[in-house]
Every structure is written in structure tokens, then in C-alpha cells.
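**Q** Dropping in model33.csv, which is CSV, C-alpha atoms:
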```csv
chain,number,residue,atom,x,y,z
A,87,MET,CA,-21.6,28.8,40.5
A,88,ASN,CA,-19.2,30.5,38.1
A,89,ARG,CA,-16.2,28.8,39.7
A,90,TRP,CA,-17.8,25.3,39.3
A,91,PHE,CA,-18.6,26.1,35.7
A,92,LEU,CA,-15.0,27.2,35.1
A,93,LEU,CA,-13.6,24.1,36.8
A,94,LEU,CA,-15.9,21.8,34.8
A,95,SER,CA,-14.9,23.6,31.6
A,96,LEU,CA,-11.2,23.2,32.4
A,97,ALA,CA,-11.8,19.5,33.1
A,98,VAL,CA,-13.6,19.0,29.8
A,99,ILE,CA,-10.8,20.9,27.9
A,100,ALA,CA,-8.1,18.9,29.6
A,101,THR,CA,-9.9,15.6,28.8
A,102,VAL,CA,-10.4,16.5,25.1
A,103,ALA,CA,-6.7,17.6,24.9
A,104,GLY,CA,-5.6,14.4,26.5
A,105,ILE,CA,-7.7,12.3,24.1
A,106,TYR,CA,-6.3,14.3,21.1
A,107,ALA,CA,-2.7,13.8,22.4
A,108,TYR,CA,-3.4,10.0,22.9
A,109,LEU,CA,-4.5,9.8,19.3
A,110,GLY,CA,-1.3,11.5,18.2
A,111,GLY,CA,-2.8,14.9,17.4
A,112,PHE,CA,0.2,16.8,18.7
A,113,THR,CA,2.8,14.8,16.7
A,114,THR,CA,4.3,16.1,13.5
A,115,ALA,CA,4.8,14.1,10.3
A,116,GLU,CA,8.2,12.9,9.2
A,117,VAL,CA,8.4,13.9,5.5
A,118,GLU,CA,11.1,12.8,2.9
A,119,LEU,CA,11.7,12.5,-0.8
A,120,LEU,CA,12.5,8.9,-1.9
A,121,THR,CA,12.2,6.4,-4.7
A,122,THR,CA,10.0,3.4,-4.0
A,123,LYS,CA,12.0,0.1,-4.2
A,124,GLU,CA,9.2,-2.4,-4.7
A,125,PRO,CA,5.7,-2.3,-6.0
A,126,ILE,CA,2.8,-1.9,-3.7
A,127,PHE,CA,-0.1,-4.4,-4.2
A,128,LEU,CA,-3.6,-3.5,-3.2
A,129,ALA,CA,-6.6,-5.8,-3.1
A,130,GLY,CA,-9.8,-3.9,-3.2
A,131,ARG,CA,-12.4,-2.0,-5.2
A,132,TYR,CA,-12.3,1.0,-7.4
A,133,PHE,CA,-14.7,3.9,-6.7
A,134,GLN,CA,-15.4,7.0,-8.7
A,135,GLY,CA,-18.1,9.4,-7.5
A,136,ARG,CA,-19.0,11.8,-4.8
A,137,ALA,CA,-17.1,11.5,-1.5
A,138,ASP,CA,-20.4,11.8,0.4
A,139,SER,CA,-21.9,8.9,-1.6
A,140,LYS,CA,-23.6,6.1,0.3
A,141,ASP,CA,-21.4,3.7,-1.6
A,142,PHE,CA,-18.0,5.2,-0.6
A,143,GLY,CA,-17.9,4.7,3.2
A,144,PRO,CA,-18.9,1.0,3.1
A,145,LEU,CA,-15.8,0.2,1.0
A,146,PHE,CA,-13.6,1.1,4.0
A,147,ARG,CA,-15.8,-0.8,6.4
A,148,GLN,CA,-15.8,-3.9,4.2
A,149,ALA,CA,-12.0,-3.8,3.8
A,150,HIS,CA,-11.7,-3.6,7.6
A,151,GLN,CA,-14.1,-6.5,8.1
A,152,LEU,CA,-12.2,-8.6,5.7
A,153,GLN,CA,-9.0,-7.8,7.6
A,154,GLU,CA,-10.5,-8.5,11.0
A,155,SER,CA,-12.1,-11.8,9.9
A,156,GLY,CA,-8.7,-12.9,8.4
A,157,GLN,CA,-10.2,-13.4,5.0
A,158,LEU,CA,-7.6,-11.0,3.6
A,159,ARG,CA,-4.2,-10.3,5.3
A,160,GLY,CA,-2.7,-6.8,4.9
A,161,ASP,CA,-2.9,-3.2,6.0
A,162,LEU,CA,-5.8,-1.0,5.3
A,163,GLY,CA,-4.9,1.2,2.4
A,164,ASN,CA,-6.1,3.1,-0.6
A,165,VAL,CA,-4.9,4.9,-3.7
A,166,TYR,CA,-6.4,8.2,-4.6
A,167,TYR,CA,-6.1,9.1,-8.3
A,168,ASN,CA,-6.9,12.7,-7.6
A,169,ASP,CA,-6.1,15.0,-4.7
A,170,PRO,CA,-8.6,14.1,-2.0
A,171,GLU,CA,-8.5,17.7,-0.6
A,172,ALA,CA,-8.7,19.5,-3.9
A,173,ALA,CA,-11.2,17.1,-5.5
A,174,GLY,CA,-14.1,18.7,-3.9
A,175,ASP,CA,-17.0,16.4,-4.3
A,176,THR,CA,-15.5,13.9,-6.8
A,177,VAL,CA,-13.2,11.1,-5.7
A,178,LYS,CA,-11.3,8.5,-7.8
A,179,ALA,CA,-10.0,5.9,-5.5
A,180,PHE,CA,-9.0,2.2,-5.1
A,181,VAL,CA,-10.0,1.2,-1.5
A,182,GLY,CA,-9.0,-2.0,0.2
A,183,LEU,CA,-5.9,-3.6,1.8
A,184,ILE,CA,-2.2,-3.4,0.9
A,185,VAL,CA,-1.1,-7.0,0.6
A,186,ALA,CA,2.3,-8.7,0.3
A,187,ASP,CA,1.7,-10.2,-3.2
A,188,THR,CA,-1.0,-11.1,-5.7
A,189,THR,CA,-0.7,-14.9,-5.5
A,190,SER,CA,-0.9,-16.1,-1.9
A,191,GLN,CA,-4.6,-15.1,-1.1
A,192,THR,CA,-7.9,-15.7,-2.8
A,193,LEU,CA,-9.8,-12.5,-3.4
A,194,PRO,CA,-13.4,-12.1,-2.2
A,195,THR,CA,-16.1,-11.6,-4.8
A,196,GLY,CA,-15.9,-8.1,-6.3
A,197,TYR,CA,-12.3,-7.5,-5.3
A,198,ARG,CA,-9.4,-7.2,-7.7
A,199,TYR,CA,-5.7,-6.2,-7.5
A,200,SER,CA,-4.2,-2.9,-8.3
A,201,THR,CA,-0.5,-2.1,-8.3
A,202,PHE,CA,1.5,1.0,-7.5
A,203,SER,CA,4.7,0.4,-9.4
A,204,GLY,CA,8.1,0.4,-7.7
A,205,GLY,CA,10.9,2.8,-8.8
A,206,GLN,CA,8.8,5.9,-8.6
A,207,ARG,CA,9.8,9.2,-6.9
A,208,VAL,CA,7.4,10.0,-4.1
A,209,VAL,CA,7.2,12.3,-1.1
A,210,ARG,CA,6.5,10.1,1.9
A,211,ALA,CA,4.9,11.4,5.1
A,212,ARG,CA,4.7,9.2,8.2
A,213,VAL,CA,3.3,9.8,11.6
A,214,GLN,CA,2.6,7.7,14.7
A,215,ALA,CA,-1.0,8.6,15.1
A,216,SER,CA,-4.5,7.3,14.8
A,217,TYR,CA,-6.2,7.2,11.4
A,218,MET,CA,-8.7,9.7,12.7
A,219,VAL,CA,-6.1,12.5,13.0
A,220,ALA,CA,-3.3,11.3,10.7
A,221,PRO,CA,-4.6,12.3,7.2
A,222,ASP,CA,-4.6,16.0,8.0
A,223,LYS,CA,-1.1,15.9,9.4
A,224,LEU,CA,0.2,13.8,6.5
A,225,TYR,CA,-1.3,15.7,3.6
A,226,SER,CA,-0.3,19.1,5.1
A,227,GLY,CA,3.2,17.8,5.7
A,228,ILE,CA,3.5,16.6,2.1
A,229,LYS,CA,2.2,19.9,0.7
A,230,HIS,CA,4.5,22.0,3.0
A,231,PHE,CA,7.5,19.9,2.0
A,232,ALA,CA,6.7,20.1,-1.7
A,233,GLU,CA,6.4,23.9,-1.5
A,234,GLN,CA,9.7,24.2,0.4
A,235,GLU,CA,11.6,21.9,-2.0
A,236,LYS,CA,9.8,23.3,-5.1
A,237,ILE,CA,8.6,19.8,-6.0
A,238,LYS,CA,5.5,19.3,-8.2
A,239,LEU,CA,3.3,16.6,-7.1
A,240,GLY,CA,1.3,14.3,-9.3
A,241,LYS,CA,-2.3,13.4,-8.5
A,242,VAL,CA,-1.7,10.0,-7.1
A,243,TYR,CA,-1.7,9.4,-3.3
A,244,VAL,CA,-1.2,6.0,-1.5
A,245,GLU,CA,-2.4,5.8,2.0
A,246,ARG,CA,-1.4,3.0,4.4
A,247,PHE,CA,-3.0,2.4,7.8
A,248,PRO,CA,-1.2,-0.5,9.5
A,249,ALA,CA,-2.4,-2.0,12.8
A,250,GLN,CA,1.0,-1.4,14.3
A,251,GLY,CA,3.5,1.3,13.4
A,252,PRO,CA,3.2,4.7,11.7
A,253,VAL,CA,0.5,5.7,9.3
A,254,GLU,CA,1.8,6.9,5.9
A,255,VAL,CA,1.0,8.6,2.7
A,256,LEU,CA,3.0,8.5,-0.5
A,257,ALA,CA,2.5,11.3,-2.9
A,258,LEU,CA,3.7,10.8,-6.5
A,259,VAL,CA,6.2,13.4,-7.8
A,260,LYS,CA,5.7,14.6,-11.3
```
Would you put the structure from the file into C-alpha cells?

**A**
Amino acid sequence: MNRWFLLLSLAVIATVAGIYAYLGGFTTAEVELLTTKEPIFLAGRYFQGRADSKDFGPLFRQAHQLQESGQLRGDLGNVYYNDPEAAGDTVKAFVGLIVADTTSQTLPTGYRYSTFSGGQRVVRARVQASYMVAPDKLYSGIKHFAEQEKIKLGKVYVERFPAQGPVEVLALVK
């Protein structure tokens, strides 16, 4: 009986580890300091309130539905205007899609544009991983890099979750 329990436990652990590896859980983020060349345009909605609010989660789902339906073309993305980890229960964010420009698409009702200006110094972290495991790797990579390089970070973070390619976070440098 104990041997079967041990074999079953090992099989479950191996399966969970395999899924975690498939999602990119064992990859490390590539982190660098750079200056953005062009502005980043977002189409979405602004949110300020509690992270566990019933209104916050649907913003992400709505953006994903607009992308899937083809009503808006772009990568899922958001801008946090405060540190998502340090903010505790209050979030200030613009949630939607990162789009190529502000003229080629008609925005859905309730959506507006926001711009992250080009020419800004940022710490960029990238990782080839699922959006389910990437944020922890990206934010910890950025904070570790900033500590090592003695860089002070601002409170603005841009997240980008493309359908193909690496997930990335840009952290504004003070």
C-alpha cells in the first residue's frame, strides 16, 4: 500500500513539474536597461480600486474577448501606475490592448487610448512563458536587476502579453 502511494505521489509531482516546465516556470527572465524608441499605445479602460474588486477582473476578460473576436487588434497589455506588488489592496491601472497606432481602429464603447511615451529609460524584463507564471518572474527579475545596478524605479509598469513571443514588463526608471 505504501509503495503504491509513493508511486502515485511521484507521478503527481512529475506531472505538476512537467506542466510548470511547459508553462515556462523554470525559465529566467532576460533583464536590461534601455531607452524606449517609440511610444506605446494602449486601447482600454482605466481602473482605480481594490485588486479584488468585482470590476477589475472583467476588464482583462473583455480585452481578451475583443482581441479574440477581431474587434481590436493588438497584444493584451496594461499599465500599472503604482507597484502592483507593493500596492496592497489598491490598484491604479489602464487595462486593454497594446495597439500599433491610434488611428487605424475604431474603439469599442467605453474604451479610450492611453500612451506610454517614447524616449524613456526603462528596465525591461522578458521571458518566454505563460502569462500565468510570467509576472512573478518578470517583476522579481526587474527588482533584482534594479538593486544590483542601484537603479531607482518609478511607479509605472507596462505589461505586454503577446500571443506569440516573450511576455515582457517595462519598469520606468526615475

**Q** Could you check which of A:Thr121, A:Thr192, A:Asn164, A:Ser155 is closest to Glu245 of chain A, using only C-alpha atoms?

**A**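 That would be A:Asn164, the residue with the smallest distance to Glu245 of chain A.
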
**Q** Atom CA of Asp169 of chain A to atom CA of Val242 of chain A: how many Å, to one decimal?

**A** 7.1 Å

**Q** May I have the residues within 7 Å of Arg212 of chain A as a list in words, using only C-alpha atoms and disregarding those fewer than 5 positions away in the same chain?

**A** Ala115, Glu116, Val117, Leu224, Pro252, Val253, Glu254 and Val255 of chain A

**Q** Between A:Phe202, A:Phe127, A:Tyr225, A:Trp90, which is the closest to Asp187 of chain A once you count all atoms listed in the file?

**A**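 Closest candidate: A:Phe127.
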
**Q** Counting only C-alpha atoms, which residue out of A:Lys238, A:Arg210, A:Arg131, A:Lys123 sits closest to Gly196 of chain A?

**A**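 Distance minimum relative to Gly196 of chain A lands on A:Arg131.
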
**Q** So how many Å separate atom CA of Gly240 of chain A and atom CA of Ala257 of chain A, to one decimal?

**A**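 Here the two named atoms are 7.2 Å from each other.
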
**Q** Between A:Thr189, A:Gln134, A:Asn88, A:Thr122, which one has atoms that come closest to Val165 of chain A, using only C-alpha atoms?

**A** A:Gln134

**Q** Pick out the closest residue to Leu120 of chain A from this set: A:Arg207, A:Arg159, A:Arg198, A:Arg136. Count all atoms listed in the file.

**A**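 Smallest separation from Leu120 of chain A among the options: A:Arg207.
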
**Q** What is the distance between atom CA of Gly204 of chain A and atom CA of Gln153 of chain A, in Å to one decimal?

**A**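 Atom CA of Gln153 of chain A lies 24.4 Å from atom CA of Gly204 of chain A.
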
**Q** Of the residues A:Leu239, A:Val185, A:Leu119, A:Ala129, which is the one nearest to Tyr199 of chain A, using all atoms listed in the file?

**A** A:Ala129

**Q** Give as a PyMOL selection string every residue, naming chains and numbers as the document does, that has an atom within 7 Å of (9.5, 18.5, 0.7), counting only C-alpha atoms.

**A** chain A and resi 117-119+209+228+230-235+237

**Q** For segment 222-225 of chain A, what centre and edge lengths in Å (one decimal) does the axis-aligned box get once 8 Å is added on each side of all its listed atoms, as JSON?

**A**
```
{"center_x": -2.2, "center_y": 14.9, "center_z": 6.5, "size_x": 20.8, "size_y": 18.2, "size_z": 21.8}
```

**Q** Taking the point (-8.0, -11.1, 6.0) as given in the file, collect each protein or nucleic acid residue that comes within 10 Å of it, counting all atoms listed in the file, and present the set as a VMD selection string.

**A** chain A and resid 149 to 161 183 185 191 to 194
